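Heads up, target35.tsv below (TSV, C-alpha atoms):
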```tsv
chain	number	residue	atom	x	y	z
V	6	MET	CA	-0.50	14.17	12.57
V	7	SER	CA	0.84	17.70	12.25
V	8	THR	CA	-1.12	18.72	15.35
V	9	TRP	CA	0.69	16.09	17.43
V	10	PRO	CA	4.10	15.84	15.74
V	11	ASP	CA	5.82	13.98	18.56
V	12	ASP	CA	3.27	11.16	18.66
V	13	TRP	CA	3.37	7.88	16.76
V	14	TRP	CA	0.53	7.33	14.29
V	15	ILE	CA	-0.79	4.15	12.69
V	16	VAL	CA	-1.60	4.94	9.06
V	17	ALA	CA	-4.19	2.56	7.60
V	18	ASP	CA	-6.91	2.74	4.95
V	19	LEU	CA	-10.34	1.28	5.66
V	20	ASP	CA	-9.60	-1.91	3.70
V	21	GLU	CA	-6.28	-2.59	5.45
V	22	PHE	CA	-5.36	-4.60	8.53
V	23	HIS	CA	-1.75	-4.42	9.68
V	24	VAL	CA	0.08	-7.41	11.11
V	25	PHE	CA	3.44	-6.95	12.85
V	26	ASP	CA	6.06	-9.35	14.09
V	27	ARG	CA	6.06	-7.85	17.60
V	28	PRO	CA	3.88	-5.67	19.86
V	29	LEU	CA	3.48	-2.03	18.81
V	30	ALA	CA	5.04	-0.83	22.06
V	31	ASP	CA	8.19	-2.79	21.23
V	32	ILE	CA	8.23	-1.35	17.70
V	33	THR	CA	8.00	2.27	18.84
V	34	ALA	CA	10.64	1.61	21.51
V	35	PHE	CA	12.92	0.13	18.85
V	36	CYS	CA	12.39	3.13	16.57
V	37	ASP	CA	12.91	5.61	19.42
V	38	ALA	CA	16.15	3.91	20.41
V	39	HIS	CA	17.53	4.09	16.85
V	40	ASP	CA	16.05	7.46	15.79
V	41	TYR	CA	13.78	5.97	13.14
V	42	ASP	CA	10.77	8.06	12.15
V	43	PHE	CA	8.61	5.56	10.31
V	44	LEU	CA	8.00	1.89	9.61
V	45	GLN	CA	7.40	0.48	6.16
V	46	GLY	CA	5.35	-2.46	4.97
V	47	ALA	CA	3.60	-3.83	1.89
V	48	PHE	CA	0.31	-5.23	0.67
V	49	LEU	CA	-0.68	-8.84	0.97
V	50	ASP	CA	-3.79	-8.84	-1.21
V	51	ARG	CA	-6.46	-11.10	0.29
V	52	VAL	CA	-8.79	-12.98	-2.05
V	53	ASP	CA	-11.40	-15.71	-2.07
V	54	ALA	CA	-10.12	-19.28	-2.31
V	55	ASP	CA	-11.06	-19.61	-5.99
V	56	GLY	CA	-10.70	-15.94	-6.93
V	57	ARG	CA	-14.39	-15.05	-6.91
V	58	LEU	CA	-15.36	-11.50	-5.89
V	59	THR	CA	-17.44	-12.24	-2.81
V	60	GLY	CA	-18.55	-10.71	0.48
V	61	PRO	CA	-17.66	-9.52	2.93
V	62	LEU	CA	-20.19	-11.30	5.08
V	63	PRO	CA	-21.98	-9.45	7.90
V	64	HIS	CA	-19.91	-8.68	10.96
V	65	GLY	CA	-19.93	-11.36	13.64
V	66	GLY	CA	-19.89	-14.32	11.28
V	67	THR	CA	-16.96	-15.87	9.46
V	68	PRO	CA	-13.74	-13.87	10.10
V	69	LEU	CA	-12.31	-11.97	7.14
V	70	TRP	CA	-9.16	-14.08	7.29
V	71	ARG	CA	-11.25	-17.18	6.51
V	72	GLN	CA	-13.49	-15.48	3.94
V	73	TYR	CA	-10.37	-14.50	1.98
V	74	PRO	CA	-7.90	-17.28	2.81
V	75	LEU	CA	-5.35	-16.54	0.08
V	76	ALA	CA	-2.76	-13.76	0.24
V	77	GLY	CA	-0.52	-12.57	-2.57
V	78	TRP	CA	1.00	-9.79	-4.64
V	79	LEU	CA	-1.93	-8.85	-6.90
V	80	THR	CA	-1.39	-5.08	-6.68
V	81	LEU	CA	2.20	-5.34	-7.88
V	82	ALA	CA	1.96	-8.18	-10.40
V	83	LEU	CA	-1.40	-7.45	-12.05
V	84	LEU	CA	-2.08	-3.75	-11.54
V	85	ASP	CA	1.58	-2.73	-11.80
V	86	GLY	CA	0.79	-0.61	-8.76
V	87	ARG	CA	2.95	0.27	-5.81
V	88	PRO	CA	2.28	-2.10	-2.90
V	89	THR	CA	4.57	-0.44	-0.34
V	90	LYS	CA	2.95	1.43	2.53
V	91	ILE	CA	4.02	3.57	5.46
V	92	THR	CA	2.27	1.83	8.35
V	93	LEU	CA	3.57	3.71	11.40
V	94	ALA	CA	5.03	7.22	11.51
V	95	ARG	CA	5.79	10.16	13.71
V	96	GLY	CA	3.57	13.17	13.14
V	97	THR	CA	6.45	15.07	11.56
V	98	VAL	CA	6.77	12.66	8.61
V	99	GLU	CA	5.45	13.91	5.27
V	100	LEU	CA	3.64	11.13	3.43
V	101	ASP	CA	3.04	10.74	-0.29
V	102	LEU	CA	-0.35	10.22	-1.89
V	103	GLY	CA	-1.87	6.98	-0.61
V	104	GLN	CA	0.81	6.68	2.08
V	105	HIS	CA	2.92	4.53	-0.23
V	106	TYR	CA	6.12	6.50	0.46
V	107	ALA	CA	7.59	8.91	3.02
V	108	TRP	CA	9.13	12.11	1.70
V	109	THR	CA	10.81	12.95	4.97
V	110	GLY	CA	12.23	11.13	7.98
V	111	ARG	CA	14.36	8.04	8.51
V	112	GLY	CA	12.76	4.65	8.06
V	113	ALA	CA	13.47	1.48	10.01
V	114	PRO	CA	15.50	-0.99	7.89
V	115	VAL	CA	13.15	-3.13	5.83
V	116	GLY	CA	15.31	-6.20	6.33
V	117	GLU	CA	14.95	-5.92	10.10
V	118	ILE	CA	11.31	-4.97	10.60
V	119	TYR	CA	8.57	-4.85	7.96
V	120	ALA	CA	4.79	-4.76	8.39
V	121	GLN	CA	2.26	-6.88	6.53
V	122	VAL	CA	-0.64	-4.84	5.16
V	123	HIS	CA	-3.46	-7.31	4.59
V	124	HIS	CA	-5.48	-5.69	1.82
V	125	PHE	CA	-9.18	-6.62	1.73
V	126	LYS	CA	-10.07	-4.68	-1.42
V	127	TRP	CA	-11.09	-7.53	-3.70
V	128	THR	CA	-14.69	-8.02	-2.56
V	129	SER	CA	-18.03	-8.31	-4.37
V	130	SER	CA	-18.10	-4.58	-5.12
V	131	ALA	CA	-14.58	-4.41	-6.61
V	132	ARG	CA	-15.65	-4.53	-10.26
V	133	ARG	CA	-18.28	-1.82	-9.76
V	134	ARG	CA	-15.94	0.42	-7.75
V	135	LEU	CA	-13.08	0.23	-10.21
V	136	ALA	CA	-15.32	0.68	-13.26
V	137	ARG	CA	-16.72	3.80	-11.60
V	138	ARG	CA	-13.17	5.01	-10.93
V	139	VAL	CA	-12.17	4.60	-14.58
V	140	ALA	CA	-15.25	6.43	-15.83
V	141	ALA	CA	-15.01	9.32	-13.37
V	142	TYR	CA	-11.30	9.96	-13.80
V	143	SER	CA	-11.40	9.53	-17.58
V	144	SER	CA	-14.28	11.97	-18.00
V	145	GLY	CA	-12.79	14.61	-15.72
V	146	GLU	CA	-15.62	14.26	-13.18
V	147	TRP	CA	-12.94	13.45	-10.60
V	148	ARG	CA	-9.63	15.29	-10.58
V	149	LEU	CA	-6.85	12.94	-11.66
V	150	VAL	CA	-4.02	13.21	-9.12
V	151	HIS	CA	-1.86	10.40	-10.49
V	152	ARG	CA	-1.93	9.13	-14.07
V	153	SER	CA	-1.45	5.48	-13.03
V	154	ILE	CA	-4.82	5.26	-11.27
V	155	VAL	CA	-6.88	4.65	-14.42
V	156	GLY	CA	-4.45	2.13	-15.91
V	157	GLU	CA	-4.32	0.09	-12.72
V	158	SER	CA	-8.10	-0.18	-12.63
V	159	GLN	CA	-8.32	-1.05	-16.32
V	160	ARG	CA	-5.80	-3.86	-15.92
V	161	PHE	CA	-7.88	-5.39	-13.15
V	162	LEU	CA	-11.12	-5.13	-15.11
V	163	GLY	CA	-9.45	-6.65	-18.18
V	164	HIS	CA	-8.18	-9.54	-16.08
V	165	LEU	CA	-11.71	-10.26	-14.85
V	166	ASP	CA	-13.04	-10.20	-18.42
V	167	ASN	CA	-10.40	-12.72	-19.46
V	168	ASN	CA	-11.06	-15.06	-16.52
V	169	ASP	CA	-14.85	-15.34	-16.30
V	170	GLY	CA	-15.12	-12.62	-13.69
V	171	ARG	CA	-12.58	-14.16	-11.31
V	172	ILE	CA	-9.02	-13.52	-10.21
V	173	ASP	CA	-6.73	-16.27	-11.50
V	174	VAL	CA	-5.36	-17.49	-8.18
V	175	ASP	CA	-3.22	-20.10	-9.96
V	176	ASP	CA	-1.18	-17.52	-11.86
V	177	PRO	CA	2.33	-17.83	-10.36
V	178	ARG	CA	3.00	-14.11	-10.85
V	179	PHE	CA	0.55	-13.34	-8.06
V	180	ARG	CA	2.27	-15.57	-5.48
V	181	PHE	CA	-1.00	-16.53	-3.80
V	182	ALA	CA	-0.67	-18.82	-0.79
V	183	PRO	CA	-2.94	-19.87	2.10
V	184	CYS	CA	-2.59	-17.36	4.92
V	185	SER	CA	-4.32	-16.67	8.21
V	186	LEU	CA	-3.49	-13.75	10.51
V	187	ASP	CA	-0.17	-14.80	12.01
V	188	TYR	CA	2.90	-12.88	10.83
V	189	ALA	CA	4.73	-16.11	10.02
V	190	ASP	CA	1.93	-17.52	7.84
V	191	TYR	CA	2.93	-16.12	4.45
V	192	PRO	CA	5.86	-18.02	2.89
V	193	GLY	CA	8.93	-16.00	1.97
V	194	TRP	CA	7.77	-12.79	3.61
V	195	GLU	CA	11.24	-12.17	5.04
V	196	ASP	CA	12.44	-11.35	1.51
V	197	ALA	CA	9.56	-8.99	0.64
V	198	GLY	CA	10.97	-5.79	2.12
V	199	PRO	CA	14.44	-6.00	0.55
V	200	GLU	CA	12.97	-7.10	-2.80
V	201	LEU	CA	10.56	-4.17	-2.98
V	202	GLU	CA	13.17	-1.70	-1.76
V	203	ARG	CA	15.47	-2.73	-4.61
V	204	ARG	CA	12.62	-2.49	-7.10
V	205	PHE	CA	11.72	1.10	-6.22
V	206	ARG	CA	15.13	2.47	-5.19
V	207	ALA	CA	15.99	4.22	-8.47
V	208	TYR	CA	12.43	5.49	-8.92
V	209	ASP	CA	12.35	6.99	-5.43
V	210	ALA	CA	15.79	8.54	-5.80
V	211	ALA	CA	14.70	10.22	-9.03
V	212	ARG	CA	11.55	11.59	-7.41
V	213	GLN	CA	13.48	12.93	-4.46
V	214	GLY	CA	15.94	14.58	-6.86
V	215	LYS	CA	13.15	16.30	-8.78
V	216	ARG	CA	11.62	17.48	-5.53
V	217	ARG	CA	14.89	18.98	-4.31
V	218	THR	CA	15.40	20.72	-7.65
V	219	ALA	CA	11.89	22.15	-7.60
V	220	GLY	CA	12.34	23.30	-4.01
V	221	ALA	CA	15.64	24.98	-4.76
V	222	ALA	CA	14.13	26.77	-7.76
V	223	ALA	CA	11.20	28.00	-5.69
V	224	GLU	CA	13.54	29.23	-2.96
V	225	GLN	CA	15.69	31.07	-5.52
V	226	ASP	CA	12.66	32.76	-7.05
V	227	GLY	CA	11.48	33.89	-3.62
V	228	PRO	CA	7.95	34.92	-2.66
V	229	ALA	CA	5.80	36.61	-5.26
V	230	ARG	CA	5.77	40.39	-4.89
V	231	THR	CA	2.69	42.51	-5.26
V	232	PRO	CA	3.30	45.79	-7.15
```

Rewrite the structure from the file as structure tokens, please.
Amino acid sequence: MSTWPDDWWIVADLDEFHVFDRPLADITAFCDAHDYDFLQGAFLDRVDADGRLTGPLPHGGTPLWRQYPLAGWLTLALLDGRPTKITLARGTVELDLGQHYAWTGRGAPVGEIYAQVHHFKWTSSARRRLARRVAAYSSGEWRLVHRSIVGESQRFLGHLDNNDGRIDVDDPRFRFAPCSLDYADYPGWEDAGPELERRFRAYDAARQGKRRTAGAAAEQDGPARTP
């Protein structure tokens, strides 16, 4: 991104598929016209119809959208994780770990345009992957970059243990609903952006304040001098 700072970049992890309410060319034109530097979105966690950890099936068979027909807010409600994502950004934008937040730039208003990030993480290998994550971070084998990572994984594993190895798709906290791949499929999505922005506003403001303070202190100290 830094090599091509004037270009627009789609930012997506391997288990994410982004769904927008309009063509990408229209989105970048909208952002260019209003001097917006990035577009935000949030997870819709995709799961099996009865919460089993299954698949994915080999490519060319049943589409992912039908293998995992329910979408909801598992990351936020169960893991207590941050579901917001930066989905489209100019190369100049500085992104936080996991692309959940933009440190710099001006974002498009979440009440006007907001991307769905369909999150296909909860497959047959999810238990093994997250157990490995807990063990490696807890032992120091992997460098812990954010203290919430272990807790999020432990909450998921504990939920499986309490529900016979399945995700409880009937738990109203998770807001699971049938969903295909059309932007209008998920009920109440128009309220997601404003709701999540309100939820994280104070947290983000505090982080930005700490960053400015640290930057000012570093600038005041100046570069280290060699005797």

Discussion item. Using all atoms listed in the file, which protein or nucleic acid residues come within 10 Å of Gln104 (chain V)? Drop anything in the same chain fewer than 6 positions from it, and give the result as a PyMOL selection string.
Written reply: chain V and resi 16-18+45+89-92

Worksheet item: So which residues touch Asp169 (chain V) within 12 Å, counting all atoms listed in the file, skipping near sequence neighbours fewer than 6 positions away, as a list in words?
Response: Asp55, Gly56, Arg57, Leu58, Leu162 and Gly163 of chain V

Item to complete: Would you list the contacts of Pro192 (chain V) as a list in words, taking every protein, DNA or RNA residue within 12 Å and counting all atoms listed in the file, but skipping same-chain residues closer than 2 positions in sequence?
Response: Leu49, Leu75, Ala76, Gly77, Arg180, Phe181, Ala182, Pro183, Cys184, Ser185, Asp187, Tyr188, Ala189, Asp190, Trp194, Glu195, Asp196 and Ala197 of chain V

Worksheet item: From the list V:Leu201, V:Ala113, V:Ala140, V:Ile118, which residue is nearest Leu81 (chain V) when using all atoms listed in the file?
Response: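 Among V:Leu201, V:Ala113, V:Ala140, V:Ile118, it is V:Leu201 that comes nearest to Leu81 (chain V).
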
Fill in: Computed interatomic separation between CA of Leu165 (chain V) and CA of Arg51 (chain V) (Å)
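Spanning CA of Leu165 (chain V) to CA of Arg51 (chain V) is a straight-line distance of 16.0 Å.
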
Response to the item:
Pro74 (chain V) proximity check over V:Asp226, V:Val174, V:His105, V:Pro28, using all atoms listed in the file: winner is V:Val174

Item to complete: Go ahead and compute the interatomic distance for CA of Cys36 (chain V) and CA of Ala207 (chain V), in Å to one decimal.
Response: 25.3 Å

Worksheet entry | Polymer residues at most 7 Å from (6.8, 9.0, 13.6) by all atoms listed in the file, as number ranges by chain | V: 12-14, 42-43, 93-98

Worksheet entry | Contacts of Ser130 (chain V) within 12 Å, all atoms listed in the file, excl. fewer than 5 positions in-chain, as a list in words | Arg57, Leu58, Thr59, Gly60, Pro61, Phe125, Leu135, Ala136 and Arg137 of chain V

Discussion item. I'd like the interatomic distance between CA of Trp127 (chain V) and CA of Glu99 (chain V), to a tenth of an Å.
Written reply: 28.5 Å

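The smallest atom-to-atom distance between Arg171 (chain V) and any of V:Ala141, V:Val155, V:Ala54, V:Ala82, using all atoms listed in the file, is found for V:Ala54.
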
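Distance check against Lys215 (chain V) using only C-alpha atoms: of V:Pro63, V:Arg134, V:Trp108, V:Asp85, the minimum falls on V:Trp108.
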
So that all listed atoms of region 143-153 of chain V fit with 6 Å spare on each side, what axis-aligned box centre and edge lengths in Å, to one decimal, would you give as lines of an AutoDock Vina configuration file?
```
center_x = -8.5
center_y = 10.4
center_z = -13.6
size_x = 26.2
size_y = 21.8
size_z = 20.9
```

Item to complete: For region 158-160 of chain V, list every protein, DNA or RNA residue within 7 Å, evaluated using all atoms listed in the file, and leave out those in the same chain fewer than 5 positions away; present the list as a ChimeraX atom specification.
Response: /V:83-84,135,139

Practice prompt. Can you work out which one of V:Pro114, V:Pro88, V:Gly65, V:Pro10 has the shortest atom-to-atom distance to Pro199 (chain V), counting all atoms listed in the file?
Written response: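 Once distances to Pro199 (chain V) are computed over all atoms listed in the file, the minimum belongs to V:Pro114.
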